[in-house]
There are 2 protein chains.
Amino acid sequence: MSGGTLIIGAAGMIGRKLVERLSGPGKGRGLTLHDVVPFESTHKAIVSDLSTPGEAEKLIAARPELIFHLAAVVSGEAEADFDKGYRVNLDGTRYLFEAIRKVGNDYRPRVVFTSSIAVFGAPFPEAIDDEFLNAPLTSYGTQKAIGELLLSDYSRRGFFDGIGIRLPTICVRPGKPNKAASGFFSGIIREPLAGQEAVLPVSESVRHWFASPRAAVGFLVHAAELDTAKLGTRRNLSMPGVCATVGDEIEALRKVAGDQAAKLIRRAPDPLIERIVSGWPQNFDPGRALALGFRADSSFEEIIRIHLQDELQRSAPPPPARA
Amino acid sequence: MSGGTLIIGAAGMIGRKLVERLSGPGKGRGLTLHDVVPFESTHKAIVSDLSTPGEAEKLIAARPELIFHLAAVVSGEAEADFDKGYRVNLDGTRYLFEAIRKVGNDYRPRVVFTSSIAVFGAPFPEAIDDEFLNAPLTSYGTQKAIGELLLSDYSRRGFFDGIGIRLPTICVRPGKPNKAASGFFSGIIREPLAGQEAVLPVSESVRHWFASPRAAVGFLVHAAELDTAKLGTRRNLSMPGVCATVGDEIEALRKVAGDQAAKLIRRAPDPLIERIVSGWPQNFDPGRALALGFRADSSFEEIIRIHLQDELQRSAPPPPARA
């Protein structure tokens, strides 16, 4: 018996939205969800640490034909805890790939791996094209770049049918503000839409590359269904996104939610965050992904409207607060 | 007590030439040589398997201030034996890097890592520049590319002071013909210079990227002495080389050793080898390495003359055999 879909890292923000998307009416394939933290679900759920030897084998015991590998220690934590980052992001990924390889017997599932634009490091060209080198400037980016290399080699050898997708920075991230250096990109939209003040630690000229959570889930589903013969030997793709400055973000917020919302953004320059962000990619020329049918949000305004629809269940902003 | 130089992979062809270069009169630093196969030496010698957990720690017990990591399972073997390639080329390298990191206490040796142009895979631009992506088409190239990423990250974190150098195909390789797909590049020079027939399995238009063993040792020594502050965050460099077609090789052979030598090359086209070689890099634009003072051979003729001097202890070819 084999088949079904396994989602590793199912309790994360993107994981939960992917589960929702794959659980709709008429979706027949059995879902198995995995995470290292306990979570509630109506689907079959497994809680374990993928970076513990032997756990990967258990995860694929049912021979899922489609595996989403979304699990990772995020950038800040991988930088702060060197051992944990390599253990989870490198060893965990390699254990999964090895477990699949060792099944043999024509077991060759589709593996969709979420990589990141953190595989790229400054200095950058004006737009990062599909042939630009992976020279990460963080341990997280290094671990993702290694995952990409392994995915390509295991796919080339026929052990599985892999595709790696480099997600843009997800915006607007729902939930509470966090301490990630990138948090303000979402915060300056999310908080004002909720009538709260947001802090902006960088200048309005800072440029970055964005996708909504809905677009990110769309990338994952498209990657799962794509004819990978079209990929050739290069199985890792920079995803399309919206290139916007912080100024563009604020202008889009003003258009969608009015000047009152934009006024809730308080400037508080932070040289440390300015410096960190200056090493991040700003713009891409994702020709291959576009040719393969991956689709980004159409504008930063659309990114804001998606947040309103998907998180706040409304299409218009709240009426502006009057003094 | 600390100091000295450790050469891992010292019994290989480049390793032996490096040892010779570093053993000259007045060279004061203590050499420790390591290989997995037993070898003869007047220096301190260690024979062990770096890919066995715990061995890396023993290798650096004397805290060498300079480490050359040349050891690797070569391309053909890493492709034929998947487990061995990853164990030696990936795990062995990572064990070494981890052993150094775990010493701590301001131990921060220079690590010179031999990578390879096999980190690149077709399709290629006209010349591979310093920003072209690593998209290897072999497990060996994948393992070297991962080594490069680890070296960069460990250096960035301050665990050691690393530099990775991507060697061109070494030509003329001394010794007997081997079964490597690239063997003919050396064979069509080496065998005729020894008065023997050589087989050419590809067309004369095949283009490739070469360095003599002497140039390769020069790269290693230069990498050991370089001010790595000049490298910035990108610590892996494509080495300069000589771009030559097989036709160029034969013409150079004719100039150095006469028509009689060139006539010892027998054409025997092999479609399999043609296909393998067509996926290999042909030409580079190694601007960074040149700016940092790495120097290639001046021509393919010089590559042949170096072989005559270093391997055959002569500056002229033997007198042509007469019928």
# chains A, B, ... in the order shown; residues from 1 in each chain; ligands from 1

$ residues_around --residues "Ala56 in chain B" --least-positions-apart "2" --cutoff "10 Å" --atoms "only C-alpha atoms" --output "list in words"
Ser48, Asp49, Leu50, Ser51, Thr52, Pro53, Gly54, Lys58, Leu59, Ile60, Ala61, Gly92, Thr93, Arg94, Tyr95, Leu96, Phe97, Glu98, Ala99 and Ile100 of chain B

$ write_last_selection --atoms "N, CA and C atoms" --output "PDB file, in the first residue's frame"
ATOM      1  N   SER B  48      44.953   7.103   8.400  1.00  0.00           N
ATOM      2  CA  SER B  48      43.650   6.850   9.027  1.00  0.00           C
ATOM      3  C   SER B  48      42.562   7.259   8.055  1.00  0.00           C
ATOM      4  N   ASP B  49      41.331   6.905   8.422  1.00  0.00           N
ATOM      5  CA  ASP B  49      40.186   7.242   7.581  1.00  0.00           C
ATOM      6  C   ASP B  49      39.479   8.455   8.172  1.00  0.00           C
ATOM      7  N   LEU B  50      39.632   9.599   7.515  1.00  0.00           N
ATOM      8  CA  LEU B  50      39.042  10.851   8.015  1.00  0.00           C
ATOM      9  C   LEU B  50      37.526  10.740   8.160  1.00  0.00           C
ATOM     10  N   SER B  51      36.921   9.824   7.410  1.00  0.00           N
ATOM     11  CA  SER B  51      35.460   9.716   7.463  1.00  0.00           C
ATOM     12  C   SER B  51      34.984   8.813   8.599  1.00  0.00           C
ATOM     13  N   THR B  52      35.916   8.351   9.441  1.00  0.00           N
ATOM     14  CA  THR B  52      35.533   7.620  10.647  1.00  0.00           C
ATOM     15  C   THR B  52      35.423   8.624  11.793  1.00  0.00           C
ATOM     16  N   PRO B  53      34.265   8.675  12.467  1.00  0.00           N
ATOM     17  CA  PRO B  53      34.110   9.650  13.556  1.00  0.00           C
ATOM     18  C   PRO B  53      35.253   9.539  14.566  1.00  0.00           C
ATOM     19  N   GLY B  54      35.785  10.672  14.987  1.00  0.00           N
ATOM     20  CA  GLY B  54      36.856  10.693  15.980  1.00  0.00           C
ATOM     21  C   GLY B  54      38.239  10.852  15.381  1.00  0.00           C
ATOM     22  N   LYS B  58      41.933  13.599  16.161  1.00  0.00           N
ATOM     23  CA  LYS B  58      43.328  13.174  16.334  1.00  0.00           C
ATOM     24  C   LYS B  58      44.240  13.921  15.373  1.00  0.00           C
ATOM     25  N   LEU B  59      43.743  14.135  14.159  1.00  0.00           N
ATOM     26  CA  LEU B  59      44.572  14.790  13.141  1.00  0.00           C
ATOM     27  C   LEU B  59      44.979  16.195  13.547  1.00  0.00           C
ATOM     28  N   ILE B  60      44.089  16.885  14.245  1.00  0.00           N
ATOM     29  CA  ILE B  60      44.401  18.272  14.595  1.00  0.00           C
ATOM     30  C   ILE B  60      44.845  18.416  16.045  1.00  0.00           C
ATOM     31  N   ALA B  61      45.200  17.292  16.663  1.00  0.00           N
ATOM     32  CA  ALA B  61      45.612  17.330  18.073  1.00  0.00           C
ATOM     33  C   ALA B  61      46.807  18.254  18.292  1.00  0.00           C
ATOM     34  N   GLY B  92      33.547  13.363   5.730  1.00  0.00           N
ATOM     35  CA  GLY B  92      34.948  13.540   6.119  1.00  0.00           C
ATOM     36  C   GLY B  92      35.295  15.021   6.246  1.00  0.00           C
ATOM     37  N   THR B  93      34.876  15.790   5.261  1.00  0.00           N
ATOM     38  CA  THR B  93      35.143  17.235   5.286  1.00  0.00           C
ATOM     39  C   THR B  93      34.445  17.897   6.467  1.00  0.00           C
ATOM     40  N   ARG B  94      33.208  17.491   6.705  1.00  0.00           N
ATOM     41  CA  ARG B  94      32.461  18.103   7.811  1.00  0.00           C
ATOM     42  C   ARG B  94      33.067  17.715   9.161  1.00  0.00           C
ATOM     43  N   TYR B  95      33.520  16.479   9.296  1.00  0.00           N
ATOM     44  CA  TYR B  95      34.181  16.066  10.546  1.00  0.00           C
ATOM     45  C   TYR B  95      35.411  16.933  10.808  1.00  0.00           C
ATOM     46  N   LEU B  96      36.181  17.170   9.745  1.00  0.00           N
ATOM     47  CA  LEU B  96      37.374  18.014   9.906  1.00  0.00           C
ATOM     48  C   LEU B  96      36.979  19.416  10.367  1.00  0.00           C
ATOM     49  N   PHE B  97      36.006  19.995   9.677  1.00  0.00           N
ATOM     50  CA  PHE B  97      35.592  21.361  10.015  1.00  0.00           C
ATOM     51  C   PHE B  97      35.038  21.421  11.443  1.00  0.00           C
ATOM     52  N   GLU B  98      34.244  20.417  11.806  1.00  0.00           N
ATOM     53  CA  GLU B  98      33.669  20.377  13.144  1.00  0.00           C
ATOM     54  C   GLU B  98      34.748  20.212  14.217  1.00  0.00           C
ATOM     55  N   ALA B  99      35.746  19.366  13.927  1.00  0.00           N
ATOM     56  CA  ALA B  99      36.817  19.151  14.909  1.00  0.00           C
ATOM     57  C   ALA B  99      37.552  20.466  15.176  1.00  0.00           C
ATOM     58  N   ILE B 100      37.786  21.226  14.124  1.00  0.00           N
ATOM     59  CA  ILE B 100      38.465  22.522  14.285  1.00  0.00           C
ATOM     60  C   ILE B 100      37.581  23.463  15.107  1.00  0.00           C
TER      61      ILE B 100
END

$ closest_atom_pairs --of "chain A" --to "chain B" --cutoff "10 Å" --atoms "only C-alpha atoms" --output "tab-separated table"
residue	atom	partner	partner_atom	distance
A:Glu79	CA	B:Arg157	CA	9.3
A:Phe82	CA	B:Arg157	CA	9.4
A:Gly121	CA	B:Thr233	CA	8.9
A:Ala122	CA	B:Thr233	CA	8.9
A:Pro123	CA	B:Thr233	CA	9.6
A:Phe124	CA	B:Glu131	CA	9.5
A:Pro125	CA	B:Glu131	CA	9.6
A:Asp130	CA	B:Leu133	CA	8.4
A:Glu131	CA	B:Leu133	CA	5.3
A:Phe132	CA	B:Leu133	CA	5.2
A:Leu133	CA	B:Leu133	CA	3.8
A:Asn134	CA	B:Leu133	CA	6.4
A:Ala135	CA	B:Arg234	CA	6.8
A:Pro136	CA	B:Leu149	CA	8.1
A:Leu137	CA	B:Asp153	CA	7.4
A:Thr138	CA	B:Asp153	CA	7.1
A:Ser139	CA	B:Asp153	CA	6.2
A:Tyr140	CA	B:Asp153	CA	9.7
A:Gly141	CA	B:Asp153	CA	9.4
A:Thr142	CA	B:Leu149	CA	6.1
A:Gln143	CA	B:Leu149	CA	8.5
A:Ala145	CA	B:Leu149	CA	7.8
A:Ile146	CA	B:Ile146	CA	5.8
A:Gly147	CA	B:Ile146	CA	9.2
A:Glu148	CA	B:Ala135	CA	9.6
A:Leu149	CA	B:Thr142	CA	6.1
A:Leu150	CA	B:Thr142	CA	7.2
A:Ser152	CA	B:Ala135	CA	8.3
A:Asp153	CA	B:Ser139	CA	6.2
A:Tyr154	CA	B:Ser139	CA	8.7
A:Arg156	CA	B:Leu137	CA	7.8
A:Arg157	CA	B:Ser139	CA	8.7
A:Thr233	CA	B:Leu137	CA	7.5
A:Arg234	CA	B:Ala135	CA	6.8
A:Arg235	CA	B:Ala135	CA	9.3
A:Asn236	CA	B:Ala135	CA	9.6

$ closest_residue --among "A:Gly85, A:Gly258, A:Pro240, A:Gly247" --to "Gly195 in chain A" --atoms "only C-alpha atoms"
A:Gly258

$ closest_residue --among "A:Ser155, A:Val256, A:Asp129, A:Phe68" --to "Ile189 in chain A" --atoms "only C-alpha atoms"
A:Val256

$ select_by_dssp --residues "range 173-206 of chain A" --states "helix (DSSP H, G or I)" --output "ChimeraX atom specification"
/A:183-193

$ residues_around --residues "His208 in chain B" --least-positions-apart "6" --cutoff "9 Å" --atoms "only C-alpha atoms" --output "ChimeraX atom specification"
/B:168-169,185,242-246,277,280-283

$ write_last_selection --atoms "N, CA and C atoms" --output "mmCIF file, in the first residue's frame"
data_model
loop_
_atom_site.group_PDB
_atom_site.id
_atom_site.type_symbol
_atom_site.label_atom_id
_atom_site.label_comp_id
_atom_site.auth_asym_id
_atom_site.auth_seq_id
_atom_site.Cartn_x
_atom_site.Cartn_y
_atom_site.Cartn_z
ATOM 1 N N PRO B 168 41.426 23.480 -12.078
ATOM 2 C CA PRO B 168 41.142 23.021 -13.447
ATOM 3 C C PRO B 168 41.498 21.532 -13.548
ATOM 4 N N THR B 169 41.216 20.924 -14.690
ATOM 5 C CA THR B 169 41.682 19.560 -14.921
ATOM 6 C C THR B 169 43.205 19.576 -14.987
ATOM 7 N N PHE B 185 42.865 13.512 -22.017
ATOM 8 C CA PHE B 185 43.453 14.857 -22.110
ATOM 9 C C PHE B 185 44.947 14.813 -21.796
ATOM 10 N N VAL B 242 44.510 27.211 -18.521
ATOM 11 C CA VAL B 242 44.720 27.342 -19.963
ATOM 12 C C VAL B 242 43.503 26.742 -20.649
ATOM 13 N N CYS B 243 42.825 27.549 -21.477
ATOM 14 C CA CYS B 243 41.690 27.063 -22.252
ATOM 15 C C CYS B 243 42.235 26.535 -23.577
ATOM 16 N N ALA B 244 42.018 25.261 -23.822
ATOM 17 C CA ALA B 244 42.560 24.669 -25.050
ATOM 18 C C ALA B 244 41.611 23.615 -25.589
ATOM 19 N N THR B 245 41.558 23.523 -26.924
ATOM 20 C CA THR B 245 40.849 22.410 -27.544
ATOM 21 C C THR B 245 41.816 21.237 -27.642
ATOM 22 N N VAL B 246 41.273 20.073 -27.905
ATOM 23 C CA VAL B 246 42.128 18.913 -28.156
ATOM 24 C C VAL B 246 43.048 19.198 -29.344
ATOM 25 N N VAL B 277 31.903 14.319 -21.668
ATOM 26 C CA VAL B 277 32.772 15.494 -21.740
ATOM 27 C C VAL B 277 31.987 16.742 -22.157
ATOM 28 N N TRP B 280 31.014 19.113 -19.415
ATOM 29 C CA TRP B 280 32.068 19.708 -18.581
ATOM 30 C C TRP B 280 32.346 21.145 -18.976
ATOM 31 N N PRO B 281 32.807 21.936 -17.997
ATOM 32 C CA PRO B 281 33.163 23.321 -18.306
ATOM 33 C C PRO B 281 34.247 23.396 -19.389
ATOM 34 N N GLN B 282 34.172 24.446 -20.172
ATOM 35 C CA GLN B 282 35.122 24.604 -21.273
ATOM 36 C C GLN B 282 36.045 25.798 -21.081
ATOM 37 N N ASN B 283 35.502 26.844 -20.463
ATOM 38 C CA ASN B 283 36.261 28.088 -20.426
ATOM 39 C C ASN B 283 35.818 28.921 -19.221
#

$ residues_around --residues "Val19 in chain B" --least-positions-apart "5" --cutoff "10 Å" --atoms "only C-alpha atoms" --output "list in words"
Ile7, Ala10, Ala11, Ile14, Gly24, Leu31, Thr32, Leu33, Ser41, His43 and Val217 of chain B

$ write_last_selection --atoms "N, CA and C atoms" --output "compact mmCIF listing (two decimals), in the first residue's frame"
# COMPACT_ATOMS: atom_id res chain seq x y z
N ILE B 7 48.86 18.15 5.98
CA ILE B 7 48.38 17.91 4.61
C ILE B 7 47.55 16.63 4.62
N ALA B 10 47.89 13.48 1.51
CA ALA B 10 49.27 13.78 1.12
C ALA B 10 49.87 12.76 0.17
N ALA B 11 49.24 11.59 0.04
CA ALA B 11 49.81 10.55 -0.81
C ALA B 11 49.28 10.60 -2.24
N ILE B 14 48.85 15.35 -6.36
CA ILE B 14 49.09 16.75 -6.00
C ILE B 14 49.70 16.82 -4.60
N GLY B 24 61.54 21.88 0.87
CA GLY B 24 62.82 22.40 0.38
C GLY B 24 63.70 22.92 1.50
N LEU B 31 55.98 19.52 9.09
CA LEU B 31 54.93 18.96 8.24
C LEU B 31 54.39 17.69 8.87
N THR B 32 53.06 17.56 8.88
CA THR B 32 52.43 16.29 9.21
C THR B 32 51.62 15.87 8.00
N LEU B 33 51.85 14.64 7.57
CA LEU B 33 51.19 14.15 6.37
C LEU B 33 50.16 13.11 6.73
N SER B 41 57.38 8.23 3.97
CA SER B 41 57.75 9.63 4.10
C SER B 41 58.79 9.81 5.19
N HIS B 43 58.68 12.62 6.76
CA HIS B 43 57.95 13.50 7.67
C HIS B 43 57.06 12.67 8.60
N VAL B 217 50.09 23.18 -7.60
CA VAL B 217 50.82 23.32 -6.33
C VAL B 217 51.05 24.80 -6.04

$ select_by_dssp --residues "range 70-183 of chain A" --states "strand (DSSP E)" --output "NGL selection string"
:A and (110-116 or 161-167 or 169-170)

$ write_last_selection --atoms "C-alpha atoms" --output "mmCIF file, in the first residue's frame"
data_model
loop_
_atom_site.group_PDB
_atom_site.id
_atom_site.type_symbol
_atom_site.label_atom_id
_atom_site.label_comp_id
_atom_site.auth_asym_id
_atom_site.auth_seq_id
_atom_site.Cartn_x
_atom_site.Cartn_y
_atom_site.Cartn_z
ATOM 1 C CA ARG A 110 7.688 13.872 -5.587
ATOM 2 C CA VAL A 111 9.551 15.943 -2.958
ATOM 3 C CA VAL A 112 8.761 19.645 -2.716
ATOM 4 C CA PHE A 113 11.411 21.424 -0.649
ATOM 5 C CA THR A 114 11.019 24.984 0.570
ATOM 6 C CA SER A 115 14.258 26.821 0.103
ATOM 7 C CA SER A 116 14.712 30.529 0.570
ATOM 8 C CA ASP A 161 11.582 13.502 -8.039
ATOM 9 C CA GLY A 162 12.537 16.728 -6.292
ATOM 10 C CA ILE A 163 11.834 20.395 -6.756
ATOM 11 C CA GLY A 164 13.140 23.177 -4.539
ATOM 12 C CA ILE A 165 11.375 26.512 -4.424
ATOM 13 C CA ARG A 166 13.027 29.619 -3.005
ATOM 14 C CA LEU A 167 10.301 31.529 -1.259
ATOM 15 C CA THR A 169 9.865 36.977 2.213
ATOM 16 C CA ILE A 170 6.303 36.151 3.197
#
